[in-house]
$ cat my_file-v8.txt   # compact mmCIF, C-alpha atoms
# COMPACT_ATOMS: atom_id res chain seq x y z
CA GLY A 1 -132.74 26.59 -154.45
CA ALA A 2 -132.99 24.18 -157.33
CA VAL A 3 -135.58 21.41 -157.17
CA VAL A 4 -134.96 17.72 -157.66
CA SER A 5 -137.83 15.27 -157.67
CA GLN A 6 -137.90 11.52 -157.26
CA HIS A 7 -140.56 9.06 -158.24
CA PRO A 8 -141.93 7.00 -156.67
CA SER A 9 -141.56 8.23 -153.11
CA TRP A 10 -142.09 4.73 -151.80
CA VAL A 11 -142.48 1.31 -153.35
CA ILE A 12 -143.17 -2.17 -152.06
CA CYS A 13 -142.34 -5.08 -154.32
CA LYS A 14 -141.98 -8.81 -154.25
CA SER A 15 -138.60 -10.48 -154.19
CA GLY A 16 -137.29 -11.08 -157.70
CA THR A 17 -139.00 -8.16 -159.37
CA SER A 18 -137.30 -5.06 -160.78
CA VAL A 19 -137.98 -1.54 -159.62
CA LYS A 20 -137.22 1.68 -161.47
CA ILE A 21 -136.65 4.95 -159.62
CA GLU A 22 -136.62 8.28 -161.46
CA CYS A 23 -134.67 11.35 -160.50
CA ARG A 24 -135.48 14.63 -162.22
CA SER A 25 -133.97 18.08 -161.98
CA LEU A 26 -136.95 20.35 -162.47
CA ASP A 27 -135.48 23.77 -163.06
CA PHE A 28 -131.87 23.24 -164.04
CA GLN A 29 -129.75 21.02 -166.23
CA ALA A 30 -127.89 18.43 -164.21
CA THR A 31 -124.61 17.50 -165.81
CA THR A 32 -123.95 15.05 -163.00
CA MET A 33 -126.31 13.00 -160.87
CA PHE A 34 -125.43 10.89 -157.90
CA TRP A 35 -127.24 7.92 -156.44
CA TYR A 36 -126.98 7.16 -152.74
CA ARG A 37 -128.35 4.50 -150.48
CA GLN A 38 -129.13 5.07 -146.84
CA PHE A 39 -129.93 2.31 -144.36
CA PRO A 40 -131.81 3.23 -141.17
CA LYS A 41 -129.81 5.41 -138.81
CA GLN A 42 -126.78 5.29 -141.09
CA SER A 43 -125.03 7.71 -143.37
CA LEU A 44 -125.48 8.12 -147.09
CA MET A 45 -123.38 5.76 -149.13
CA LEU A 46 -122.60 6.78 -152.68
CA MET A 47 -123.55 4.05 -155.12
CA ALA A 48 -122.67 5.63 -158.44
CA THR A 49 -122.01 8.84 -160.30
CA SER A 50 -123.60 9.41 -163.67
CA ASN A 51 -122.96 12.01 -166.32
CA GLU A 52 -125.43 12.68 -169.07
CA GLY A 53 -124.82 10.52 -172.09
CA SER A 54 -122.08 8.36 -170.60
CA LYS A 55 -121.81 5.24 -168.51
CA ALA A 56 -122.13 5.55 -164.78
CA THR A 57 -119.14 5.20 -162.49
CA TYR A 58 -119.94 2.72 -159.76
CA GLU A 59 -118.42 2.67 -156.30
CA GLN A 60 -116.49 -0.35 -155.15
CA GLY A 61 -118.80 -3.12 -154.03
CA VAL A 62 -121.83 -1.89 -155.97
CA GLU A 63 -122.94 -4.35 -158.63
CA LYS A 64 -123.51 -2.49 -161.87
CA ASP A 65 -125.63 -5.31 -163.31
CA LYS A 66 -127.93 -5.18 -160.31
CA PHE A 67 -128.25 -1.42 -160.07
CA LEU A 68 -128.70 -0.14 -163.60
CA ILE A 69 -128.28 3.59 -164.02
CA ASN A 70 -129.33 5.54 -167.06
CA HIS A 71 -128.73 9.27 -167.44
CA ALA A 72 -130.41 9.80 -170.78
CA SER A 73 -130.93 13.54 -170.55
CA LEU A 74 -129.75 16.55 -168.59
CA THR A 75 -132.84 16.41 -166.43
CA LEU A 76 -133.46 12.72 -165.89
CA SER A 77 -131.57 9.82 -164.39
CA THR A 78 -133.04 6.44 -163.54
CA LEU A 79 -131.93 3.73 -161.17
CA THR A 80 -133.30 0.24 -161.75
CA VAL A 81 -132.90 -2.31 -159.00
CA THR A 82 -133.01 -5.61 -160.84
CA SER A 83 -134.19 -8.84 -159.24
CA ALA A 84 -134.69 -7.09 -155.93
CA HIS A 85 -134.19 -8.99 -152.69
CA PRO A 86 -135.10 -8.06 -149.10
CA GLU A 87 -131.53 -6.92 -148.42
CA ASP A 88 -132.02 -4.25 -151.11
CA SER A 89 -134.68 -2.61 -148.95
CA SER A 90 -133.38 0.85 -148.24
CA PHE A 91 -133.83 4.56 -148.76
CA TYR A 92 -132.47 5.56 -152.17
CA ILE A 93 -131.65 9.22 -152.69
CA CYS A 94 -130.44 10.98 -155.77
CA SER A 95 -128.73 14.32 -156.04
CA ALA A 96 -128.02 16.50 -159.01
CA ARG A 97 -125.28 18.98 -159.74
CA GLN A 98 -125.18 21.64 -162.41
CA GLY A 99 -122.02 22.54 -164.24
CA SER A 100 -118.82 22.94 -162.26
CA SER A 101 -117.66 20.28 -159.86
CA TYR A 102 -117.59 22.98 -157.17
CA ASN A 103 -121.30 23.57 -157.38
CA GLU A 104 -123.53 22.35 -154.62
CA GLN A 105 -125.60 19.30 -155.20
CA PHE A 106 -129.35 19.28 -154.70
CA PHE A 107 -131.03 16.25 -153.20
CA GLY A 108 -134.26 14.62 -154.16
CA PRO A 109 -136.74 13.63 -151.45
CA GLY A 110 -135.75 9.97 -151.65
CA THR A 111 -137.48 6.70 -152.45
CA ARG A 112 -138.14 4.13 -149.77
CA LEU A 113 -137.93 0.63 -151.23
CA THR A 114 -139.30 -2.35 -149.34
CA VAL A 115 -138.76 -5.77 -150.84
CA LEU A 116 -140.93 -8.51 -149.41
CA GLY B 1 -110.30 4.13 -149.33
CA GLN B 2 -111.26 7.62 -148.33
CA GLN B 3 -113.18 7.93 -145.10
CA VAL B 4 -114.93 10.78 -143.39
CA MET B 5 -115.65 10.31 -139.73
CA GLN B 6 -117.77 12.43 -137.45
CA ILE B 7 -117.86 12.68 -133.69
CA PRO B 8 -119.84 12.38 -131.61
CA GLN B 9 -122.24 9.85 -133.07
CA TYR B 10 -125.04 11.05 -130.80
CA GLN B 11 -125.53 14.12 -128.66
CA HIS B 12 -128.33 14.98 -126.29
CA VAL B 13 -128.39 18.54 -125.03
CA GLN B 14 -130.73 20.68 -123.00
CA GLU B 15 -132.36 23.45 -124.94
CA GLY B 16 -130.14 26.51 -124.72
CA GLU B 17 -126.89 24.55 -124.49
CA ASP B 18 -124.29 24.67 -127.23
CA PHE B 19 -123.48 21.79 -129.57
CA THR B 20 -120.50 20.94 -131.73
CA THR B 21 -119.90 18.16 -134.23
CA TYR B 22 -116.48 17.42 -135.69
CA CYS B 23 -115.71 16.01 -139.11
CA ASN B 24 -112.38 14.39 -140.01
CA SER B 25 -111.25 13.15 -143.40
CA SER B 26 -108.48 10.66 -144.10
CA THR B 27 -107.45 12.71 -147.13
CA THR B 28 -107.27 16.37 -148.12
CA LEU B 29 -110.53 17.67 -149.46
CA SER B 30 -111.38 20.07 -152.24
CA ASN B 31 -114.24 21.51 -150.24
CA ILE B 32 -116.70 20.43 -147.61
CA GLN B 33 -120.43 20.73 -147.35
CA TRP B 34 -122.74 20.39 -144.37
CA TYR B 35 -126.24 18.96 -144.44
CA LYS B 36 -129.07 18.56 -141.97
CA GLN B 37 -131.47 15.65 -142.19
CA ARG B 38 -134.64 15.58 -140.15
CA PRO B 39 -136.11 12.17 -139.28
CA GLY B 40 -137.88 10.81 -142.36
CA GLY B 41 -136.56 13.59 -144.56
CA HIS B 42 -133.78 14.05 -147.05
CA PRO B 43 -130.53 15.91 -146.50
CA VAL B 44 -130.85 19.67 -146.77
CA PHE B 45 -127.82 21.69 -147.80
CA LEU B 46 -126.59 24.10 -145.15
CA ILE B 47 -123.30 25.50 -146.38
CA GLN B 48 -120.14 24.92 -148.40
CA LEU B 49 -116.62 25.75 -147.25
CA VAL B 50 -113.84 25.96 -149.81
CA LYS B 51 -110.85 27.85 -148.46
CA SER B 52 -108.33 26.63 -145.94
CA GLY B 53 -109.19 28.01 -142.49
CA GLU B 54 -112.52 29.39 -143.67
CA VAL B 55 -115.14 30.29 -141.08
CA LYS B 56 -118.76 31.00 -141.97
CA LYS B 57 -121.72 31.89 -139.80
CA GLN B 58 -125.42 31.41 -140.29
CA LYS B 59 -127.28 32.92 -137.34
CA ARG B 60 -126.55 30.49 -134.47
CA LEU B 61 -124.50 28.12 -136.64
CA THR B 62 -120.74 28.51 -137.10
CA PHE B 63 -118.87 26.40 -139.62
CA GLN B 64 -115.11 26.00 -139.79
CA PHE B 65 -112.79 24.38 -142.33
CA GLY B 66 -109.38 23.32 -141.07
CA GLU B 67 -106.10 24.73 -142.30
CA ALA B 68 -105.12 21.41 -143.84
CA LYS B 69 -108.57 21.01 -145.44
CA LYS B 70 -108.98 17.64 -143.75
CA ASN B 71 -111.31 18.56 -140.94
CA SER B 72 -114.28 20.74 -140.23
CA SER B 73 -116.66 21.58 -137.44
CA LEU B 74 -120.20 22.81 -136.97
CA HIS B 75 -121.06 24.67 -133.79
CA ILE B 76 -124.60 25.58 -132.77
CA THR B 77 -125.01 28.21 -130.09
CA ALA B 78 -127.99 28.05 -127.74
CA THR B 79 -129.70 25.06 -129.31
CA GLN B 80 -133.44 25.06 -129.95
CA THR B 81 -135.80 22.13 -130.39
CA THR B 82 -135.92 22.93 -134.10
CA ASP B 83 -132.22 22.00 -134.33
CA VAL B 84 -133.09 18.32 -133.84
CA GLY B 85 -131.85 16.09 -136.64
CA THR B 86 -128.74 14.44 -138.00
CA TYR B 87 -125.93 16.62 -139.23
CA PHE B 88 -123.70 15.28 -141.97
CA CYS B 89 -120.54 16.68 -143.43
CA ALA B 90 -119.67 15.71 -146.99
CA GLY B 91 -116.17 16.14 -148.31
CA GLN B 92 -115.40 16.48 -151.98
CA ILE B 93 -112.40 14.51 -153.15
CA THR B 94 -109.86 16.30 -155.29
CA SER B 95 -109.85 14.16 -158.42
CA GLY B 96 -111.81 11.87 -160.69
CA THR B 97 -115.54 12.41 -160.49
CA TYR B 98 -115.14 14.95 -157.67
CA LYS B 99 -117.64 12.94 -155.70
CA TYR B 100 -118.69 13.75 -152.18
CA ILE B 101 -118.11 11.29 -149.37
CA PHE B 102 -120.51 11.69 -146.51
CA GLY B 103 -119.44 11.62 -142.92
CA THR B 104 -120.94 9.19 -140.47
CA GLY B 105 -123.27 11.83 -139.10
CA THR B 106 -124.08 13.22 -135.66
CA ARG B 107 -127.60 12.82 -134.36
CA LEU B 108 -128.68 15.70 -132.19
CA LYS B 109 -131.53 15.58 -129.73
CA VAL B 110 -132.57 18.72 -127.91
CA LEU B 111 -134.47 18.33 -124.67
CA ALA B 112 -136.93 21.09 -123.88

$ encode --input "my_file-v8.txt" --output "structure tokens"
Amino acid sequence: GAVVSQHPSWVICKSGTSVKIECRSLDFQATTMFWYRQFPKQSLMLMATSNEGSKATYEQGVEKDKFLINHASLTLSTLTVTSAHPEDSSFYICSARQGSSYNEQFFGPGTRLTVL
Amino acid sequence: GQQVMQIPQYQHVQEGEDFTTYCNSSTTLSNIQWYKQRPGGHPVFLIQLVKSGEVKKQKRLTFQFGEAKKNSSLHITATQTTDVGTYFCAGQITSGTYKYIFGTGTRLKVLA
């Protein structure tokens, strides 16, 4: 299957700092990328959908000014958690989809963020 | 808003027993996908069901999509310890960004 990478795989930061997470599709062009958040022992909650070259569509309750998403190319999307707080500590996972909306999405390995 | 619920939330089975998880959506879905997530890992795609009433098999796993395209099930025959993990369904909504909404998940433990 197609490969999606995420960097970093884990990050620890101080409260108030910003953290950038990268999501790359390594062997295909991702027209759409999704960002999810997963708290321990819970399901994946979609945060936003991004299409290359356009603004991301955020889910209800997700602050777009706090979680900045940039999908600058067909192989790269970034999520920046601005002014992180301990409650932002979570597992952030991206997925990428090529072409048609019926295509399967491929998940990255996730980034574990811990905010002290 | 749209919700996708799964039951049971947890299931402990003896190795060799069968296991089933059920997925129910509040709205009609375009298609449904199933994922398996091992502890500490990321979701791994298992299968996609598109047609009403579709049934697909992968070795010991049988997947079903309901006639109304609002529910689905995953059945594992003769579980093995390697089946341990959390199984999620993800339903694709039929408009807009065609996003997937994940079910609440079923955590399976298999006792040897």

$ atom_distance --input "my_file-v8.txt" --atom1 "CA of Leu61 (chain B)" --atom2 "CA of Gln92 (chain B)"
21.3 Å

$ residues_around --input "my_file-v8.txt" --residues "region 64-67 of chain A" --least-positions-apart "2" --cutoff "10 Å" --atoms "all atoms listed in the file" --output "NGL selection string"
:A and (18-20 or 47-48 or 56-62 or 69-70 or 78-84)

$ interface_residues --input "my_file-v8.txt" --of "chain A" --to "chain B" --cutoff "9 Å" --atoms "only C-alpha atoms" --output "PDB file with C-alpha atoms, keeping the file's coordinate frame"
ATOM      1  CA  PHE A  34    -125.430  10.890-157.900  1.00  0.00           C
ATOM      2  CA  LYS A  41    -129.810   5.410-138.810  1.00  0.00           C
ATOM      3  CA  GLN A  42    -126.780   5.290-141.090  1.00  0.00           C
ATOM      4  CA  SER A  43    -125.030   7.710-143.370  1.00  0.00           C
ATOM      5  CA  LEU A  44    -125.480   8.120-147.090  1.00  0.00           C
ATOM      6  CA  MET A  45    -123.380   5.760-149.130  1.00  0.00           C
ATOM      7  CA  LEU A  46    -122.600   6.780-152.680  1.00  0.00           C
ATOM      8  CA  THR A  49    -122.010   8.840-160.300  1.00  0.00           C
ATOM      9  CA  THR A  57    -119.140   5.200-162.490  1.00  0.00           C
ATOM     10  CA  ILE A  93    -131.650   9.220-152.690  1.00  0.00           C
ATOM     11  CA  SER A 101    -117.660  20.280-159.860  1.00  0.00           C
ATOM     12  CA  TYR A 102    -117.590  22.980-157.170  1.00  0.00           C
ATOM     13  CA  GLU A 104    -123.530  22.350-154.620  1.00  0.00           C
ATOM     14  CA  GLN A 105    -125.600  19.300-155.200  1.00  0.00           C
ATOM     15  CA  PHE A 106    -129.350  19.280-154.700  1.00  0.00           C
ATOM     16  CA  PHE A 107    -131.030  16.250-153.200  1.00  0.00           C
ATOM     17  CA  GLY A 108    -134.260  14.620-154.160  1.00  0.00           C
ATOM     18  CA  PRO A 109    -136.740  13.630-151.450  1.00  0.00           C
ATOM     19  CA  GLY A 110    -135.750   9.970-151.650  1.00  0.00           C
TER      20      GLY A 110
END

$ residues_around --input "my_file-v8.txt" --residues "Glu22 (chain A)" --least-positions-apart "4" --cutoff "9 Å" --atoms "all atoms listed in the file" --output "list of chain:residue names"
A:Ser5, A:Gln6, A:His7, A:Pro8, A:Leu76, A:Ser77, A:Thr78, A:Leu79, A:Thr80, A:Cys94

$ atom_distance --input "my_file-v8.txt" --atom1 "CA of Ser26 (chain B)" --atom2 "CA of Met5 (chain B)"
8.4 Å

$ closest_residue --input "my_file-v8.txt" --among "B:Gln37, B:Cys89, B:Gln9, B:His75" --to "Cys23 (chain B)" --atoms "only C-alpha atoms"
B:Cys89

$ residues_near_point --input "my_file-v8.txt" --point "(-128.8, 21.4, -161.8)" --cutoff "9 Å" --atoms "only C-alpha atoms" --output "PyMOL selection string"
chain A and resi 2-4+25-33+74-75+96-99+103-106

$ residues_around --input "my_file-v8.txt" --residues "Ser15 (chain A)" --least-positions-apart "5" --cutoff "10 Å" --atoms "all atoms listed in the file" --output "PyMOL selection string"
chain A and resi 82-88+114-116

$ atom_distance --input "my_file-v8.txt" --atom1 "CA of Asn24 (chain B)" --atom2 "CA of Leu111 (chain B)"
27.2 Å

$ build_atoms --input "my_file-v8.txt" --residues "region 3-24 of chain A" --atoms "N, CA and C atoms" --output "PDB file, in the frame of the given file"
ATOM      1  N   VAL A   3    -134.682  22.480-157.609  1.00  0.00           N
ATOM      2  CA  VAL A   3    -135.580  21.410-157.170  1.00  0.00           C
ATOM      3  C   VAL A   3    -135.255  20.116-157.895  1.00  0.00           C
ATOM      4  N   VAL A   4    -135.157  19.057-157.113  1.00  0.00           N
ATOM      5  CA  VAL A   4    -134.960  17.720-157.660  1.00  0.00           C
ATOM      6  C   VAL A   4    -136.095  16.835-157.149  1.00  0.00           C
ATOM      7  N   SER A   5    -136.720  16.144-158.071  1.00  0.00           N
ATOM      8  CA  SER A   5    -137.830  15.270-157.670  1.00  0.00           C
ATOM      9  C   SER A   5    -137.439  13.814-157.867  1.00  0.00           C
ATOM     10  N   GLN A   6    -138.087  12.949-157.108  1.00  0.00           N
ATOM     11  CA  GLN A   6    -137.900  11.520-157.260  1.00  0.00           C
ATOM     12  C   GLN A   6    -139.253  10.839-157.318  1.00  0.00           C
ATOM     13  N   HIS A   7    -139.317   9.802-158.135  1.00  0.00           N
ATOM     14  CA  HIS A   7    -140.560   9.060-158.240  1.00  0.00           C
ATOM     15  C   HIS A   7    -140.256   7.582-158.412  1.00  0.00           C
ATOM     16  N   PRO A   8    -140.909   6.700-157.682  1.00  0.00           N
ATOM     17  CA  PRO A   8    -141.930   7.000-156.670  1.00  0.00           C
ATOM     18  C   PRO A   8    -141.294   7.410-155.341  1.00  0.00           C
ATOM     19  N   SER A   9    -142.094   7.877-154.422  1.00  0.00           N
ATOM     20  CA  SER A   9    -141.560   8.230-153.110  1.00  0.00           C
ATOM     21  C   SER A   9    -141.423   6.996-152.226  1.00  0.00           C
ATOM     22  N   TRP A  10    -142.263   5.999-152.499  1.00  0.00           N
ATOM     23  CA  TRP A  10    -142.090   4.730-151.800  1.00  0.00           C
ATOM     24  C   TRP A  10    -142.610   3.616-152.702  1.00  0.00           C
ATOM     25  N   VAL A  11    -142.049   2.441-152.538  1.00  0.00           N
ATOM     26  CA  VAL A  11    -142.480   1.310-153.350  1.00  0.00           C
ATOM     27  C   VAL A  11    -142.263   0.032-152.557  1.00  0.00           C
ATOM     28  N   ILE A  12    -143.253  -0.849-152.670  1.00  0.00           N
ATOM     29  CA  ILE A  12    -143.170  -2.170-152.060  1.00  0.00           C
ATOM     30  C   ILE A  12    -143.255  -3.179-153.190  1.00  0.00           C
ATOM     31  N   CYS A  13    -142.322  -4.114-153.227  1.00  0.00           N
ATOM     32  CA  CYS A  13    -142.340  -5.080-154.320  1.00  0.00           C
ATOM     33  C   CYS A  13    -142.005  -6.464-153.796  1.00  0.00           C
ATOM     34  N   LYS A  14    -142.297  -7.441-154.617  1.00  0.00           N
ATOM     35  CA  LYS A  14    -141.980  -8.810-154.250  1.00  0.00           C
ATOM     36  C   LYS A  14    -140.533  -9.138-154.633  1.00  0.00           C
ATOM     37  N   SER A  15    -139.958 -10.040-153.912  1.00  0.00           N
ATOM     38  CA  SER A  15    -138.600 -10.480-154.190  1.00  0.00           C
ATOM     39  C   SER A  15    -138.505 -11.024-155.616  1.00  0.00           C
ATOM     40  N   GLY A  16    -137.476 -10.613-156.335  1.00  0.00           N
ATOM     41  CA  GLY A  16    -137.290 -11.080-157.700  1.00  0.00           C
ATOM     42  C   GLY A  16    -137.755 -10.123-158.765  1.00  0.00           C
ATOM     43  N   THR A  17    -138.527  -9.132-158.391  1.00  0.00           N
ATOM     44  CA  THR A  17    -139.000  -8.160-159.370  1.00  0.00           C
ATOM     45  C   THR A  17    -138.004  -7.007-159.503  1.00  0.00           C
ATOM     46  N   SER A  18    -138.182  -6.221-160.562  1.00  0.00           N
ATOM     47  CA  SER A  18    -137.300  -5.060-160.780  1.00  0.00           C
ATOM     48  C   SER A  18    -138.063  -3.782-160.499  1.00  0.00           C
ATOM     49  N   VAL A  19    -137.374  -2.815-159.988  1.00  0.00           N
ATOM     50  CA  VAL A  19    -137.980  -1.540-159.620  1.00  0.00           C
ATOM     51  C   VAL A  19    -137.181  -0.406-160.234  1.00  0.00           C
ATOM     52  N   LYS A  20    -137.889   0.530-160.868  1.00  0.00           N
ATOM     53  CA  LYS A  20    -137.220   1.680-161.470  1.00  0.00           C
ATOM     54  C   LYS A  20    -137.533   2.932-160.660  1.00  0.00           C
ATOM     55  N   ILE A  21    -136.501   3.694-160.356  1.00  0.00           N
ATOM     56  CA  ILE A  21    -136.650   4.950-159.620  1.00  0.00           C
ATOM     57  C   ILE A  21    -136.175   6.078-160.518  1.00  0.00           C
ATOM     58  N   GLU A  22    -136.969   7.133-160.628  1.00  0.00           N
ATOM     59  CA  GLU A  22    -136.620   8.280-161.460  1.00  0.00           C
ATOM     60  C   GLU A  22    -136.155   9.449-160.618  1.00  0.00           C
ATOM     61  N   CYS A  23    -135.186  10.149-161.149  1.00  0.00           N
ATOM     62  CA  CYS A  23    -134.670  11.350-160.500  1.00  0.00           C
ATOM     63  C   CYS A  23    -134.667  12.454-161.549  1.00  0.00           C
ATOM     64  N   ARG A  24    -135.373  13.543-161.257  1.00  0.00           N
ATOM     65  CA  ARG A  24    -135.480  14.630-162.220  1.00  0.00           C
ATOM     66  C   ARG A  24    -135.037  15.961-161.613  1.00  0.00           C
TER      67      ARG A  24
END
